[in-house]
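S.K.: Input structure: start-v4.pdb, which contains PDB, C-alpha atoms.
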```
ATOM      1  CA  MET A   1      -4.717 -14.471  -8.770
ATOM      2  CA  ALA A   2      -2.964 -11.145  -8.355
ATOM      3  CA  ALA A   3      -4.022  -8.036 -10.158
ATOM      4  CA  ASP A   4      -1.569  -6.293 -12.459
ATOM      5  CA  SER A   5       0.173  -3.256 -11.070
ATOM      6  CA  GLN A   6      -0.701   0.008 -12.712
ATOM      7  CA  ASN A   7       2.661   1.637 -11.845
ATOM      8  CA  SER A   8       3.199   2.962 -15.353
ATOM      9  CA  LYS A   9      -0.234   4.617 -15.350
ATOM     10  CA  VAL A  10      -0.021   6.375 -11.986
ATOM     11  CA  ASN A  11       0.891  10.041 -12.075
ATOM     12  CA  TRP A  12       2.374  10.328  -8.581
ATOM     13  CA  GLN A  13       2.742  14.114  -8.995
ATOM     14  CA  LYS A  14      -1.054  14.468  -8.868
ATOM     15  CA  ILE A  15      -1.249  12.606  -5.565
ATOM     16  CA  SER A  16      -1.417  15.103  -2.726
ATOM     17  CA  VAL A  17      -2.843  12.863   0.013
ATOM     18  CA  HIS A  18      -2.068   9.398   1.311
ATOM     19  CA  ALA A  19      -5.226   8.068   2.942
ATOM     20  CA  VAL A  20      -3.801   5.660   5.519
ATOM     21  CA  THR A  21      -6.043   2.926   6.870
ATOM     22  CA  SER A  22      -5.957   1.271  10.280
ATOM     23  CA  ASP A  23      -6.936  -2.101  11.698
ATOM     24  CA  ASN A  24     -10.182  -0.610  13.016
ATOM     25  CA  LEU A  25     -11.031   1.178   9.783
ATOM     26  CA  VAL A  26     -10.646  -1.887   7.545
ATOM     27  CA  SER A  27     -13.047  -3.745   9.859
ATOM     28  CA  SER A  28     -15.761  -1.134   9.376
ATOM     29  CA  PRO A  29     -18.804  -2.368   7.391
ATOM     30  CA  ASP A  30     -18.593   0.632   5.055
ATOM     31  CA  PHE A  31     -14.812   0.557   4.592
ATOM     32  CA  PHE A  32     -14.822  -0.257   0.873
ATOM     33  CA  GLU A  33     -17.495   2.363   0.203
ATOM     34  CA  LYS A  34     -15.333   4.972   1.943
ATOM     35  CA  ALA A  35     -12.239   3.763   0.107
ATOM     36  CA  ALA A  36     -14.035   4.123  -3.232
ATOM     37  CA  ALA A  37     -15.061   7.686  -2.351
ATOM     38  CA  VAL A  38     -11.471   8.595  -1.453
ATOM     39  CA  ALA A  39     -10.080   6.930  -4.572
ATOM     40  CA  SER A  40     -12.557   8.742  -6.792
ATOM     41  CA  SER A  41     -11.002  12.074  -5.749
ATOM     42  CA  LYS A  42      -8.026  11.141  -7.954
ATOM     43  CA  LYS A  43      -5.848  13.102  -5.512
ATOM     44  CA  ALA A  44      -5.328  10.417  -2.885
ATOM     45  CA  ALA A  45      -3.400   7.187  -2.764
ATOM     46  CA  ILE A  46      -4.929   4.499  -0.567
ATOM     47  CA  ASN A  47      -2.319   3.250   1.890
ATOM     48  CA  LEU A  48      -3.403  -0.107   3.319
ATOM     49  CA  ARG A  49      -1.974  -0.207   6.821
ATOM     50  CA  ALA A  50      -3.385  -2.871   9.132
ATOM     51  CA  HIS A  51      -0.520  -4.404  11.065
ATOM     52  CA  ARG A  52      -2.631  -6.655  13.290
ATOM     53  CA  LEU A  53      -4.189  -8.529  10.369
ATOM     54  CA  GLY A  54      -2.749 -11.780   9.113
ATOM     55  CA  GLY A  55      -1.271 -11.995   5.648
ATOM     56  CA  ARG A  56      -4.236 -13.796   4.075
ATOM     57  CA  ARG A  57      -6.797 -11.253   5.308
ATOM     58  CA  LEU A  58      -4.548  -8.342   4.347
ATOM     59  CA  PHE A  59      -4.163  -9.853   0.876
ATOM     60  CA  GLU A  60      -7.949 -10.229   0.493
ATOM     61  CA  ILE A  61      -8.463  -6.589   1.440
ATOM     62  CA  ALA A  62      -5.633  -5.491  -0.853
ATOM     63  CA  LEU A  63      -7.224  -7.308  -3.800
ATOM     64  CA  LYS A  64     -10.541  -5.531  -3.231
ATOM     65  CA  LEU A  65      -8.762  -2.192  -2.882
ATOM     66  CA  ARG A  66      -6.766  -2.920  -6.041
ATOM     67  CA  LYS A  67     -10.022  -3.211  -7.998
ATOM     68  CA  ILE A  68     -11.289   0.050  -6.500
ATOM     69  CA  THR A  69      -8.067   1.985  -7.104
ATOM     70  CA  THR A  70      -7.611   0.622 -10.618
ATOM     71  CA  ALA A  71     -11.145   1.681 -11.550
ATOM     72  CA  ALA A  72     -10.475   5.160 -10.123
ATOM     73  CA  GLY A  73      -6.966   5.456 -11.588
ATOM     74  CA  THR A  74      -5.378   6.042  -8.187
ATOM     75  CA  PRO A  75      -2.483   4.194  -6.542
ATOM     76  CA  LEU A  76      -2.595   1.500  -3.906
ATOM     77  CA  VAL A  77       0.197   1.334  -1.343
ATOM     78  CA  VAL A  78       0.580  -1.581   1.075
ATOM     79  CA  ALA A  79       2.330  -0.818   4.360
ATOM     80  CA  GLY A  80       4.904  -3.187   5.765
ATOM     81  CA  ARG A  81       4.296  -6.214   3.546
ATOM     82  CA  VAL A  82       6.298  -6.479   0.336
ATOM     83  CA  ASP A  83       4.825  -9.934  -0.301
ATOM     84  CA  VAL A  84       1.235  -8.696  -0.101
ATOM     85  CA  ALA A  85       2.020  -5.635  -2.237
ATOM     86  CA  ILE A  86       3.511  -7.824  -4.970
ATOM     87  CA  ALA A  87       0.846 -10.535  -4.798
ATOM     88  CA  ALA A  88      -2.050  -8.054  -4.876
ATOM     89  CA  GLY A  89      -0.567  -5.924  -7.649
ATOM     90  CA  ALA A  90      -0.200  -2.790  -5.519
ATOM     91  CA  ASP A  91       1.687   0.159  -6.940
ATOM     92  CA  ALA A  92       4.012   0.598  -3.989
ATOM     93  CA  VAL A  93       4.951  -0.572  -0.531
ATOM     94  CA  GLN A  94       5.695   1.563   2.533
ATOM     95  CA  LEU A  95       8.326   0.145   4.868
ATOM     96  CA  GLY A  96       9.774   0.992   8.241
ATOM     97  CA  ALA A  97      12.287  -0.066  10.863
ATOM     98  CA  HIS A  98      10.456  -3.304  11.705
ATOM     99  CA  THR A  99       9.978  -4.563   8.141
ATOM    100  CA  VAL A 100      12.345  -6.351   5.778
ATOM    101  CA  PRO A 101      15.719  -4.620   5.319
ATOM    102  CA  LEU A 102      15.845  -1.941   2.647
ATOM    103  CA  GLU A 103      18.348  -3.866   0.530
ATOM    104  CA  ALA A 104      16.025  -6.878   0.320
ATOM    105  CA  ALA A 105      13.008  -4.647  -0.313
ATOM    106  CA  ALA A 106      14.816  -2.754  -3.058
ATOM    107  CA  GLU A 107      15.708  -6.011  -4.803
ATOM    108  CA  LEU A 108      12.175  -7.429  -4.560
ATOM    109  CA  CYS A 109      10.475  -4.191  -5.517
ATOM    110  CA  GLY A 110      12.840  -3.693  -8.436
ATOM    111  CA  LYS A 111      12.153  -7.182  -9.776
ATOM    112  CA  HIS A 112       8.417  -6.568  -9.626
ATOM    113  CA  GLY A 113       8.268  -2.927 -10.722
ATOM    114  CA  LYS A 114       7.106  -1.589  -7.359
ATOM    115  CA  LYS A 115       7.974   1.735  -5.843
ATOM    116  CA  PHE A 116       8.761   1.765  -2.148
ATOM    117  CA  GLY A 117       9.052   4.297   0.615
ATOM    118  CA  TYR A 118      10.602   4.120   4.049
ATOM    119  CA  SER A 119       9.317   5.822   7.191
ATOM    120  CA  CYS A 120      11.910   7.020   9.681
ATOM    121  CA  HIS A 121      10.947   8.173  13.151
ATOM    122  CA  SER A 122      14.330   9.099  14.604
ATOM    123  CA  VAL A 123      17.776  10.264  13.550
ATOM    124  CA  GLN A 124      19.062   6.771  14.274
ATOM    125  CA  GLU A 125      16.556   5.267  11.832
ATOM    126  CA  VAL A 126      17.593   7.788   9.155
ATOM    127  CA  VAL A 127      21.246   6.869   9.627
ATOM    128  CA  ALA A 128      20.451   3.133   9.584
ATOM    129  CA  ALA A 129      18.392   3.478   6.402
TER     130      ALA A 129
END
```
Show me the file's structure as structure tokens.

M.R.:
Amino acid sequence: MAADSQNSKVNWQKISVHAVTSDNLVSSPDFFEKAAAVASSKKAAINLRAHRLGGRRLFEIALKLRKITTAAGTPLVVAGRVDVAIAAGADAVQLGAHTVPLEAAAELCGKHGKKFGYSCHSVQEVVAA
């Protein structure tokens, strides 16, 4: 069962750091301990980015991070997977050129009260966005 998003409770203006994970980091035995320490700063959003993981494993990790970030009052962002962000109750999703099109993401995120961002790495990607 998905956790509820805390979008209305997150003060994004107080977030000065996005702590971005990696495939290697989420596999570390002390990953959740480190994530809890970062979340407790109340200045960092946890950005779950692990592109090599399958959807089920990413969802399981997102659910655990959702509990951690909710307890700390900090946001959870899921990179590249609108479905996982919605299902896990994340606050936002970070997209890019190889994810679902922005129009589709905007519709899904709007329906589910999620914020979303888009990473551009070239002028062409900015124009396409």

S.K.: Residue by residue, what does the PyMOL selection byres ((chain A and resi 84) around 8) grab here? Present the result as a list of chain:residue names.

M.R.: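 For this structure, the PyMOL selection byres ((chain A and resi 84) around 8) resolves to A:Gly55, A:Leu58, A:Phe59, A:Ala62, A:Val78, A:Arg81, A:Val82, A:Asp83, A:Ala85, A:Ile86, A:Ala87, A:Ala88.
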
S.K.: Using all atoms listed in the file for the distances, tell me which of A:Leu48, A:Ala104, A:Val126, A:Cys109 is nearest to Ile61 (chain A).

M.R.: A:Leu48

S.K.: Please indicate the distance in Å from CA of Val10 (chain A) to CA of Gly73 (chain A), rounded to one decimal place.

M.R.: 7.0 Å

S.K.: So which one's closest to Thr69 (chain A), A:His98, A:His51, A:Lys43, A:Lys111? Using all atoms listed in the file, please.

M.R.: A:Lys43

S.K.: Give as a list in words each residue that has an atom at most 12 Å from (-2.5, 9.0, -15.0) in the file, counting only C-alpha atoms.

M.R.: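 Taken together, the residues in range are Gln6, Asn7, Ser8, Lys9, Val10, Asn11, Trp12, Gln13, Lys14, Ile15, Lys42, Lys43, Thr69, Thr70, Ala71, Ala72, Gly73, Thr74 and Pro75 of chain A.
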
S.K.: Specify as a list in words each residue included when the PyMOL selection byres ((chain A and resi 100) around 12) is applied to this file.

M.R.: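 With the shown file as input, the PyMOL selection byres ((chain A and resi 100) around 12) matches Ala79, Gly80, Arg81, Val82, Asp83, Val93, Gln94, Leu95, Gly96, Ala97, His98, Thr99, Pro101, Leu102, Glu103, Ala104, Ala105, Ala106, Glu107, Leu108, Cys109, Phe116, Tyr118 and Ala129 of chain A.
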
S.K.: Using the selection just defined, write its residues with C-alpha atoms as a PDB file, in the coordinates of the input.

M.R.:
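So the final result, stored in selection12.pdb, reads:
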```
ATOM      1  CA  ALA A  79       2.330  -0.818   4.360  1.00  0.00           C
ATOM      2  CA  GLY A  80       4.904  -3.187   5.765  1.00  0.00           C
ATOM      3  CA  ARG A  81       4.296  -6.214   3.546  1.00  0.00           C
ATOM      4  CA  VAL A  82       6.298  -6.479   0.336  1.00  0.00           C
ATOM      5  CA  ASP A  83       4.825  -9.934  -0.301  1.00  0.00           C
ATOM      6  CA  VAL A  93       4.951  -0.572  -0.531  1.00  0.00           C
ATOM      7  CA  GLN A  94       5.695   1.563   2.533  1.00  0.00           C
ATOM      8  CA  LEU A  95       8.326   0.145   4.868  1.00  0.00           C
ATOM      9  CA  GLY A  96       9.774   0.992   8.241  1.00  0.00           C
ATOM     10  CA  ALA A  97      12.287  -0.066  10.863  1.00  0.00           C
ATOM     11  CA  HIS A  98      10.456  -3.304  11.705  1.00  0.00           C
ATOM     12  CA  THR A  99       9.978  -4.563   8.141  1.00  0.00           C
ATOM     13  CA  PRO A 101      15.719  -4.620   5.319  1.00  0.00           C
ATOM     14  CA  LEU A 102      15.845  -1.941   2.647  1.00  0.00           C
ATOM     15  CA  GLU A 103      18.348  -3.866   0.530  1.00  0.00           C
ATOM     16  CA  ALA A 104      16.025  -6.878   0.320  1.00  0.00           C
ATOM     17  CA  ALA A 105      13.008  -4.647  -0.313  1.00  0.00           C
ATOM     18  CA  ALA A 106      14.816  -2.754  -3.058  1.00  0.00           C
ATOM     19  CA  GLU A 107      15.708  -6.011  -4.803  1.00  0.00           C
ATOM     20  CA  LEU A 108      12.175  -7.429  -4.560  1.00  0.00           C
ATOM     21  CA  CYS A 109      10.475  -4.191  -5.517  1.00  0.00           C
ATOM     22  CA  PHE A 116       8.761   1.765  -2.148  1.00  0.00           C
ATOM     23  CA  TYR A 118      10.602   4.120   4.049  1.00  0.00           C
ATOM     24  CA  ALA A 129      18.392   3.478   6.402  1.00  0.00           C
TER      25      ALA A 129
END
```

S.K.: Would you mind reading off the distance between CA of Ser41 (chain A) and CA of Arg56 (chain A), one decimal, in Å?

M.R.: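 Interatomic distance, CA of Ser41 (chain A) to CA of Arg56 (chain A): 28.5 Å.
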
S.K.: Rank A:Lys115, A:Lys64, A:Ala92, A:Ala128 by their smallest atom-to-atom distance to Glu33 (chain A), using only C-alpha atoms, and report the top residue only.

M.R.: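 Of A:Lys115, A:Lys64, A:Ala92, A:Ala128, the one nearest Glu33 (chain A) is A:Lys64, counting only C-alpha atoms.
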
S.K.: Expand the PyMOL selection byres ((chain A and resi 36) around 10) into the individual residues it matches in the shown file, reporting them as a list of chain:residue names.

M.R.: A:Phe31, A:Phe32, A:Glu33, A:Lys34, A:Ala35, A:Ala37, A:Val38, A:Ala39, A:Ser40, A:Ser41, A:Ile46, A:Leu65, A:Lys67, A:Ile68, A:Thr69, A:Ala71, A:Ala72

S.K.: Just the number, please: distance in Å from CA of Leu76 (chain A) to CA of Arg49 (chain A), one decimal.

M.R.: 10.9 Å

S.K.: From the options A:Ala50, A:Ala90, A:Ala19, A:Leu25, which residue's atoms come nearest to His112 (chain A), counting all atoms listed in the file?

M.R.: A:Ala90

S.K.: I need the residue nearest Val20 (chain A) from this list: A:Val77, A:Leu53, A:Cys120, A:Val127. Use all atoms listed in the file for the distance.

M.R.: A:Val77
